[in-house]
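Participant: Before I ask anything, let me first share the structure, which is written out below as structure tokens.
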Amino acid sequence: MNIIIPIKQVPETGNVKMDEETGTMVRSGVESIVNPLDLYAIELGIELKEKYGGRITTITMGPPSAQKALREALAMGCDEGVLLSGKEFAGSDTWATSYALAEAIKKLGKYDLILAGERATDGDTGQVGPGIASFLDIPLLTYISKINHIKEDSLTVERLVEEGYEVLKAPLPALLTVVKEISFPRLPTLRGKQKAKKAELIKLSAEDIELEQGKLGLQGSPTRVVKISHPRVTRNGEYLKVIDEDSLQKAVMRFKDFLKEKEII
Ligand SMILES: Cc1cc2nc3c(=O)[nH]c(=O)nc-3n(C[C@H](O)[C@H](O)[C@H](O)COP(=O)(O)OP(=O)(O)OC[C@H]3O[C@@H](n4cnc5c(N)ncnc54)[C@H](O)[C@@H]3O)c2cc1C
């Protein structure tokens with residue numbers, strides 16, 4: 001089974017700053033990590049490889065420093081890392097990012113499954129996985145929490161929904177976006193880290209994969225960031241500290257009064 005895992009490098013902090021002029025995130029000077037939700041896709045890929053054999057190729061579109069993310073995925077157990085990089089990609093929105101990743105995936109050859117994270121913790125749109133599936137014209141299954149069966153040409157999965165889960169069947173190749181419930185990411189071993197450090201990465205440019213210039217970067221991005229504003233926190237929570245029986249009683253009374261004030265009880 002050949003598996004492709006698109007991963008994104010994201011800032012380690014949740015406190016992402018925005019460039020108000022360009023409408024893009026300020027990434028310089030911020031420590032980067034593999035998007036935490038992509039680790040679940042990597043773990044699932046490794047478990048499937050252990051069960052069915054095959055290879056895992058992980059791919060990222062980002063600056064040269066994003067190779068750190070690929071090496072982390074290799075240290076966990078992926079076989080190959082592909083870095084899609086170049087100044088032509090700067091300013092890409094989710095549409096242009098999905099287009100570039102899909103075209104790069106086409107160049108990588110035959111695959112059975114693409115596993116993406118549910119969403120990236122910085123951009124947070126959850127659009128790139130579905131975007132790649134759409135450009136590749138393959139079935140898309142989102143919010144997958146369990147793989148029930150995989151056969152040569154199809155798979156059955158569970159999809160997390162508010163009321164429980166749905167059971168879906170799709171032909172392969174397909175793209176899955178996965179949620180945390182799917183796996184528990186392993187830590188890389190020392191041997192894995194050493195291997196990943198020396199690994200040769202595949203580096204691709206827009207020219208290598210013959211991308212259409214007008215569909216790249218800021219110029220090829222249909223999204224227009226019209227305005228950026230920071231939400232103001234206007235609610236003031238009340239903090240009740242419970243350390244003994246007496247403070248517990250007081251907290252319960254205060255909570256009861258609060259519900260009465262709001263005419264809830
Ligand atoms: C006008 C505009 C300009 C922008 N300019 C830039 C810029 O210059 N530089 C920049 O870094 N970002 C830029 N962005 C943000 C960038 O478009 C998004 O971060 C990116 O498309 C991914 O979207 P997301 O973060 O919402 O990921 P999501 O869609 O939430 O990610 C879902 C999953 O898709 C996969 N994925 C997402 N992104 C990548 C990736 N890059 N490589 C591999 N897999 C991926 C992962 O599996 C991830 O879990 C810009 C956005 C806009 C609107």
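To be explicit about the labels: the chains of the structure tokens are called A, B, and onward in the order shown, and within each one the residues are counted from 1, while ligands get numbers from 1 in the order they are shown.
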Within 7 Å of ligand 1, counting only C-alpha atoms and all ligand atoms, which protein or nucleic acid residues do you find, written as a VMD selection string?
Facilitator: chain A and resid 5 to 8 23 to 25 35 37 to 38 59 to 62 90 to 95 97 101 116 to 129 218 221 223 to 225
Participant: When DSSP works through the backbone of this structure, what residues of stretch 144-265 of chain A end up as helix (DSSP H, G or I), shown as a ChimeraX atom specification?
Facilitator: /A:180-182,190-198,213-215,245-261
Participant: Using only C-alpha atoms, which protein or nucleic acid residues come within 6 Å of stretch 143-151 of chain A? Drop anything in the same chain fewer than 5 positions from it, and give the result as a list in words.
Facilitator: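 Contacts, in chain order: Thr156, Val157, Glu158, Arg159, Leu160, Thr177, Val178, Val179, Glu181 and Ile182 of chain A.
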Participant: Env of A:Gly54: 8 Å cut, atoms = only C-alpha atoms, seq-sep filter 4 positions within chain, self excluded. Answer as an MDAnalysis selection string.
Facilitator: chainID A and resid 1:3 49
Participant: Would you list the contacts of A:Ser183 as a PyMOL selection string, taking every protein, DNA or RNA residue within 10 Å and counting only C-alpha atoms, but skipping same-chain residues closer than 5 positions in sequence?
Facilitator: chain A and resi 39-45+47+145-146+178
Participant: Residues near A:Pro139, anyone? I mean within 9 Å using only C-alpha atoms, not counting same-chain ones fewer than 5 positions away, as a PyMOL selection string.
Facilitator: chain A and resi 133-134+170-176
Participant: Check the smallest atom-to-atom distance from each of A:Glu12, A:Glu263, A:Asp153, A:Glu72 to A:Gln194 using only C-alpha atoms, then report the winner.
Facilitator: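 Counting only C-alpha atoms, the residue closest to A:Gln194 is A:Glu72.
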Participant: Give me the residues near A:Thr189 as number ranges by chain, where near means some atom within 12 Å (using only C-alpha atoms) and where sequence neighbours in that chain fewer than 2 positions away do not count.
Facilitator: A: 72-77, 186-187, 191-196
Participant: Which parts of stretch 101-226 of chain A does DSSP call strand (DSSP E or B) when run on the backbone here, written out as a PyMOL selection string?
Facilitator: chain A and resi 113-117+140-150+154-161+164-171+174-178+202-204
Participant: Take atom CA of A:Ile264 and atom CA of A:Lys241 and report the distance between them in Å, one decimal.
Facilitator: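 About the pair atom CA of A:Ile264 and atom CA of A:Lys241: they are 22.8 Å apart.
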Participant: Would you mind reading off the distance between atom CA of A:Ala96 and atom CA of A:Pro64, one decimal, in Å?
Facilitator: 18.4 Å
Participant: From the set A:Leu48, A:Val226, A:Val10, A:Ala100, which residue has the shortest atom-to-atom contact distance to A:Ser28, counting only C-alpha atoms?
Facilitator: A:Val10
Participant: What does the distance from atom CA of A:Ser229 to atom CA of A:Pro130 come to in Å, to one decimal?
Facilitator: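 According to the coordinates, atom CA of A:Ser229 and atom CA of A:Pro130 are separated by 27.4 Å.
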